[in-house]
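Have a look at query-v1.txt; it's compact mmCIF, C-alpha atoms:
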```txt
# COMPACT_ATOMS: atom_id res chain seq x y z
CA MET L 1 3.71 -22.06 14.69
CA ASN L 2 5.54 -21.87 11.36
CA ALA L 3 3.32 -24.55 9.89
CA LEU L 4 0.27 -22.56 10.95
CA LYS L 5 1.69 -19.41 9.33
CA LYS L 6 2.34 -21.25 6.07
CA PHE L 7 -1.13 -22.78 6.10
CA LEU L 8 -2.75 -19.41 6.73
CA GLY L 9 -0.62 -17.91 3.95
CA ILE L 10 -2.18 -20.39 1.56
CA VAL L 11 -5.60 -19.53 2.98
CA TRP L 12 -5.02 -15.80 2.35
CA ILE L 13 -3.96 -16.43 -1.25
CA ALA L 14 -6.97 -18.68 -1.81
CA LEU L 15 -9.18 -16.00 -0.29
CA ALA L 16 -7.72 -13.45 -2.72
CA VAL L 17 -8.59 -15.72 -5.66
CA ALA L 18 -12.09 -16.29 -4.27
CA VAL L 19 -12.68 -12.56 -3.79
CA ALA L 20 -11.53 -11.84 -7.34
CA TYR L 21 -13.76 -14.56 -8.78
CA TYR L 22 -16.76 -13.49 -6.71
CA ALA L 23 -16.32 -9.81 -7.52
CA ILE L 24 -15.99 -10.45 -11.24
CA GLY L 25 -19.00 -12.76 -11.19
CA ILE L 26 -21.25 -10.47 -9.20
CA PHE L 27 -20.09 -7.01 -10.23
CA GLY L 28 -19.44 -7.91 -13.87
CA GLY L 29 -23.13 -7.44 -14.51
CA LYS L 30 -22.96 -3.94 -13.12
CA LEU L 31 -20.77 -2.80 -15.99
CA THR L 32 -23.20 -4.01 -18.63
CA SER L 33 -26.53 -3.18 -16.99
CA GLY L 34 -26.97 0.12 -18.84
CA LYS L 35 -27.72 2.19 -15.73
CA GLN L 36 -25.36 5.03 -14.93
CA ASP L 37 -25.37 4.29 -11.18
CA ASP L 38 -24.38 0.67 -11.78
CA LEU L 39 -21.65 1.71 -14.19
CA VAL L 40 -20.05 4.12 -11.71
CA PHE L 41 -20.27 1.53 -8.92
CA GLY L 42 -18.78 -1.17 -11.16
CA ILE L 43 -15.88 1.04 -12.25
CA ILE L 44 -15.07 1.89 -8.63
CA ILE L 45 -15.15 -1.77 -7.63
CA PHE L 46 -13.14 -3.05 -10.62
CA PHE L 47 -10.47 -0.42 -10.96
CA ILE L 48 -9.97 0.81 -7.39
CA LEU L 49 -11.16 -1.61 -4.72
CA LEU L 50 -10.65 -5.00 -6.34
CA PRO L 51 -6.94 -4.52 -7.14
CA LEU L 52 -6.27 -3.18 -3.64
CA ILE L 53 -8.03 -6.05 -1.91
CA VAL L 54 -6.63 -8.85 -4.06
CA THR L 55 -3.08 -7.47 -4.05
CA GLY L 56 -3.14 -6.94 -0.29
CA LEU L 57 -4.37 -10.44 0.47
CA THR L 58 -1.92 -12.00 -1.97
CA ILE L 59 1.10 -10.13 -0.61
CA PHE L 60 0.09 -10.91 2.97
CA GLY L 61 -0.24 -14.60 2.10
CA TRP L 62 3.04 -14.64 0.18
CA TYR L 63 4.90 -13.09 3.10
CA ALA L 64 3.39 -15.66 5.43
CA ILE L 65 4.48 -18.52 3.16
CA THR L 66 8.03 -17.23 2.69
CA ASP L 67 8.63 -16.54 6.43
CA GLU L 68 8.95 -12.77 6.07
CA TYR L 69 7.36 -12.40 9.51
CA GLU L 70 10.18 -14.16 11.37
CA ASP L 71 11.78 -12.15 14.16
```

Output the file's structure in the form of structure tokens.
Amino acid sequence: MNALKKFLGIVWIALAVAVAYYAIGIFGGKLTSGKQDDLVFGIIIFFILLPLIVTGLTIFGWYAITDEYED
């Protein structure tokens, strides 16, 4: 079970990197499109949601790798 936890910890960290890359690639165009609606949406994604999601996934994966969930 510990091996599975460590493997899934690596998966969560990789998922955090993939989400960050995807969000920057897709929503990066929203900041430069020139429309006000896209700008507001891009700011919300970049400065509020993206840090929360990436940090949460990374911390969850790190805890799984370092056996913080042991009873």

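We find CA of Ile44 (chain L) and CA of Ile24 (chain L) to be spaced 12.6 Å apart.
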
List as a Markdown table every residue of region 19-50 of chain L that is in contact with region 56-63 of chain L, defined as an atom at most 12 Å from one of its atoms (using all atoms listed in the file), together with the nearest atom pair and the distance in Å rounded to one decimal, sorted by chain and then rising number.
```
| residue | atom | partner | partner_atom | distance |
| --- | --- | --- | --- | --- |
| L:Val19 | CA | L:Leu57 | CA | 9.6 |
| L:Ala20 | CA | L:Leu57 | CA | 10.7 |
| L:Leu49 | CA | L:Gly56 | CA | 10.6 |
| L:Leu50 | CA | L:Gly56 | CA | 9.8 |
```

*Pick out the residues sitting within 12 Å of Leu4 (chain L), and hand them over as an NGL selection string; count only C-alpha atoms, and ignore anything fewer than 4 positions along from it in its own chain.*
:L and (8-11 or 61 or 64-65 or 67)

*Provide the CA of Phe47 (chain L) to CA of Gly28 (chain L) distance in Å, to one decimal place.*
12.0 Å

*Interatomic distance, CA of Leu39 (chain L) to CA of Gly25 (chain L) (Å, one decimal)*: 15.0 Å

*With only C-alpha atoms as the atoms that count, which of L:Ile13, L:Ala23, L:Ala3, L:Ala18 lies nearest to Phe46 (chain L)?*
L:Ala23

*Of the residues L:Tyr22, L:Phe27, L:Tyr69, L:Phe41, which is the one nearest to Lys6 (chain L), using all atoms listed in the file?*
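So, comparing all the options, the nearest one is L:Tyr69.
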